[in-house]
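See structure below.
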Amino acid sequence: MNTIVIRNASAMTDFSLVDGWYEIGAITDIFAERDCRGVELAGEKIGLFHVDDEVLALDDICTHGAALLSDGDMEDGEVECPLHAGLVDVRTGRALSAPVTRDTRRHDTKIVDDRLFVRLQA
Ligand code: FES
């Protein structure tokens with residue numbers, strides 16, 4: 001098992017990386033204020049979305065333009081981009097409504113003892 005610590009300069013947060021999984025933190029802390037949160041992992045902006053008892057991770061930058069999906073509003077597992085109101089399904093990454101037409105890349109998540117882990121997809 002290899003363990004390294006990644007310095008996330010923009011968020012001023014350290015994430016441990018163990019066997020390809022970033023340990024983000026306690027679910028209750030991450031989503032204390034909102035069900036949508038953004039983090040930066042290995043230089044990539046990742047949106048985290050808390051839906052029921054699941055957490056989904058997607059590329060945070062909207063496929064339509066320069067906006068962060070994690071800044072949008074989410075309802076029933078669909079997040080509305082804050083810039084032009086396109087909808088994305090956070091469970092699948094599918095583009096649901098114009099002007100978003102390209103799907104968003106998903107990343108793996110797991111929850112262990114209330115702690116969230118994310119593994120980036122290539
Ligand atoms: Fe997201 Fe346009 S930037 S819908």
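How things are named: the first chain in the structure tokens is A, the next is B, and so on; residues count from 1 in each chain; ligands count from 1 in the order shown.
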
Go through chain A residue by residue and, counting only C-alpha atoms and all ligand atoms, keep those with an atom at most 7 Å from ligand 1; for each kept residue give the shortest atom pair and its distance in Å to one decimal, ordered by chain and increasing number, as a tab-separated table.
```
residue	atom	partner	partner_atom_place_in_ligand_line	distance
A:Cys62	CA	ligand 1	1 (Fe)	4.7
A:Thr63	CA	ligand 1	1 (Fe)	6.6
A:His64	CA	ligand 1	3 (S)	4.6
A:Gly65	CA	ligand 1	3 (S)	3.5
A:Ala66	CA	ligand 1	3 (S)	5.3
A:Ala67	CA	ligand 1	3 (S)	5.0
A:Cys81	CA	ligand 1	1 (Fe)	4.6
A:Pro82	CA	ligand 1	1 (Fe)	6.6
A:Leu83	CA	ligand 1	3 (S)	5.0
A:His84	CA	ligand 1	4 (S)	4.1
A:Ala85	CA	ligand 1	4 (S)	5.2
A:Gly86	CA	ligand 1	4 (S)	4.2
A:Pro99	CA	ligand 1	4 (S)	5.3
A:Val100	CA	ligand 1	4 (S)	5.2
```

Neighbours of Val51 (chain A) within 12 Å (only C-alpha atoms; same-chain residues fewer than 6 positions away dropped), as a PDB file with C-alpha atoms, in the first residue's frame?
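Output (around.pdb):
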```pdb
ATOM      1  CA  ILE A  27     -19.600  13.005   4.735  1.00  0.00           C
ATOM      2  CA  PHE A  31     -21.990  18.322   2.971  1.00  0.00           C
ATOM      3  CA  ARG A  34     -24.816  22.115   0.681  1.00  0.00           C
ATOM      4  CA  ASP A  35     -25.367  18.835  -1.155  1.00  0.00           C
ATOM      5  CA  CYS A  36     -23.018  20.003  -3.944  1.00  0.00           C
ATOM      6  CA  ALA A  57     -18.433  12.487  -8.368  1.00  0.00           C
ATOM      7  CA  MET A  74     -29.605  20.118  -7.439  1.00  0.00           C
ATOM      8  CA  GLU A  75     -32.972  18.435  -7.187  1.00  0.00           C
ATOM      9  CA  ASP A  76     -33.833  14.741  -7.539  1.00  0.00           C
ATOM     10  CA  GLY A  77     -30.313  13.884  -8.674  1.00  0.00           C
ATOM     11  CA  GLU A  78     -30.255  16.511 -11.429  1.00  0.00           C
ATOM     12  CA  VAL A  79     -27.951  19.494 -11.144  1.00  0.00           C
ATOM     13  CA  ASP A  89     -27.861  13.694 -14.182  1.00  0.00           C
ATOM     14  CA  VAL A  90     -25.323  13.367 -11.359  1.00  0.00           C
ATOM     15  CA  ARG A  91     -25.835   9.584 -11.115  1.00  0.00           C
TER      16      ARG A  91
END
```

Which residue is closest to Arg105 (chain A)? Choose from A:Gly47, A:Glu80, A:Asp53, A:Gly25 and count only C-alpha atoms. A:Gly47

To test your reading of the structure, identify every residue in chain A that backbone DSSP assigns to strand (DSSP E or B), and report it as a PyMOL selection string. chain A and resi 3-8+13-18+21-26+36-41+44-51+54-59+61+68+73-75+78-80+87-89+95+106-112+115-119

Could you write those residues out with C-alpha atoms, as a PDB file, in the first residue's frame?
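Writing the result to selection_34.pdb gives the following:
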```pdb
ATOM      1  CA  THR A   3       0.323   6.495   0.840  1.00  0.00           C
ATOM      2  CA  ILE A   4       1.127  10.007  -0.299  1.00  0.00           C
ATOM      3  CA  VAL A   5      -0.351  13.362   0.622  1.00  0.00           C
ATOM      4  CA  ILE A   6      -1.478  15.724  -2.124  1.00  0.00           C
ATOM      5  CA  ARG A   7      -1.440  19.467  -1.427  1.00  0.00           C
ATOM      6  CA  ASN A   8      -4.572  21.047  -2.877  1.00  0.00           C
ATOM      7  CA  THR A  13      -6.944  21.038   1.859  1.00  0.00           C
ATOM      8  CA  ASP A  14      -4.806  17.944   1.935  1.00  0.00           C
ATOM      9  CA  PHE A  15      -6.163  14.709   0.556  1.00  0.00           C
ATOM     10  CA  SER A  16      -4.482  11.406   1.240  1.00  0.00           C
ATOM     11  CA  LEU A  17      -4.106   9.104  -1.756  1.00  0.00           C
ATOM     12  CA  VAL A  18      -4.107   5.400  -0.958  1.00  0.00           C
ATOM     13  CA  TRP A  21      -8.403   6.496  -3.822  1.00  0.00           C
ATOM     14  CA  TYR A  22      -8.393  10.070  -2.494  1.00  0.00           C
ATOM     15  CA  GLU A  23      -9.748  10.343   1.030  1.00  0.00           C
ATOM     16  CA  ILE A  24     -11.921  13.461   0.942  1.00  0.00           C
ATOM     17  CA  GLY A  25     -13.239  13.458   4.507  1.00  0.00           C
ATOM     18  CA  ALA A  26     -16.299  12.886   6.624  1.00  0.00           C
ATOM     19  CA  CYS A  36     -23.018  20.003  -3.944  1.00  0.00           C
ATOM     20  CA  ARG A  37     -19.317  20.570  -3.248  1.00  0.00           C
ATOM     21  CA  GLY A  38     -16.272  21.125  -5.406  1.00  0.00           C
ATOM     22  CA  VAL A  39     -12.763  19.868  -4.736  1.00  0.00           C
ATOM     23  CA  GLU A  40      -9.544  19.788  -6.702  1.00  0.00           C
ATOM     24  CA  LEU A  41      -7.755  16.462  -7.083  1.00  0.00           C
ATOM     25  CA  GLU A  44      -8.728  18.446 -11.779  1.00  0.00           C
ATOM     26  CA  LYS A  45     -11.881  20.145 -10.582  1.00  0.00           C
ATOM     27  CA  ILE A  46     -14.277  17.508  -9.298  1.00  0.00           C
ATOM     28  CA  GLY A  47     -17.886  18.044  -8.254  1.00  0.00           C
ATOM     29  CA  LEU A  48     -19.287  15.964  -5.387  1.00  0.00           C
ATOM     30  CA  PHE A  49     -23.036  15.473  -5.165  1.00  0.00           C
ATOM     31  CA  HIS A  50     -24.864  14.035  -2.162  1.00  0.00           C
ATOM     32  CA  VAL A  51     -28.081  12.288  -3.222  1.00  0.00           C
ATOM     33  CA  GLU A  54     -24.987   8.142  -2.095  1.00  0.00           C
ATOM     34  CA  VAL A  55     -22.229  10.502  -3.149  1.00  0.00           C
ATOM     35  CA  LEU A  56     -21.531  10.906  -6.862  1.00  0.00           C
ATOM     36  CA  ALA A  57     -18.433  12.487  -8.368  1.00  0.00           C
ATOM     37  CA  LEU A  58     -18.277  14.163 -11.785  1.00  0.00           C
ATOM     38  CA  ASP A  59     -15.950  16.491 -13.622  1.00  0.00           C
ATOM     39  CA  ILE A  61     -16.560  21.986 -15.257  1.00  0.00           C
ATOM     40  CA  LEU A  68     -18.825  24.699 -12.101  1.00  0.00           C
ATOM     41  CA  ASP A  73     -28.739  23.802  -7.683  1.00  0.00           C
ATOM     42  CA  MET A  74     -29.605  20.118  -7.439  1.00  0.00           C
ATOM     43  CA  GLU A  75     -32.972  18.435  -7.187  1.00  0.00           C
ATOM     44  CA  GLU A  78     -30.255  16.511 -11.429  1.00  0.00           C
ATOM     45  CA  VAL A  79     -27.951  19.494 -11.144  1.00  0.00           C
ATOM     46  CA  GLU A  80     -28.679  22.727 -12.986  1.00  0.00           C
ATOM     47  CA  LEU A  87     -29.291  19.896 -16.613  1.00  0.00           C
ATOM     48  CA  VAL A  88     -26.949  16.994 -15.843  1.00  0.00           C
ATOM     49  CA  ASP A  89     -27.861  13.694 -14.182  1.00  0.00           C
ATOM     50  CA  ALA A  95     -26.619  15.570 -20.372  1.00  0.00           C
ATOM     51  CA  ARG A 106     -17.994  10.233 -13.797  1.00  0.00           C
ATOM     52  CA  HIS A 107     -15.541   9.142 -11.149  1.00  0.00           C
ATOM     53  CA  ASP A 108     -15.738   6.283  -8.667  1.00  0.00           C
ATOM     54  CA  THR A 109     -16.780   6.920  -5.082  1.00  0.00           C
ATOM     55  CA  LYS A 110     -17.018   4.821  -1.974  1.00  0.00           C
ATOM     56  CA  ILE A 111     -18.000   5.528   1.598  1.00  0.00           C
ATOM     57  CA  VAL A 112     -16.213   3.734   4.412  1.00  0.00           C
ATOM     58  CA  ARG A 115     -15.692   8.868   5.081  1.00  0.00           C
ATOM     59  CA  LEU A 116     -15.780   9.631   1.361  1.00  0.00           C
ATOM     60  CA  PHE A 117     -13.181   8.326  -1.078  1.00  0.00           C
ATOM     61  CA  VAL A 118     -12.903   9.262  -4.768  1.00  0.00           C
ATOM     62  CA  ARG A 119     -10.967   7.506  -7.534  1.00  0.00           C
TER      63      ARG A 119
END
```
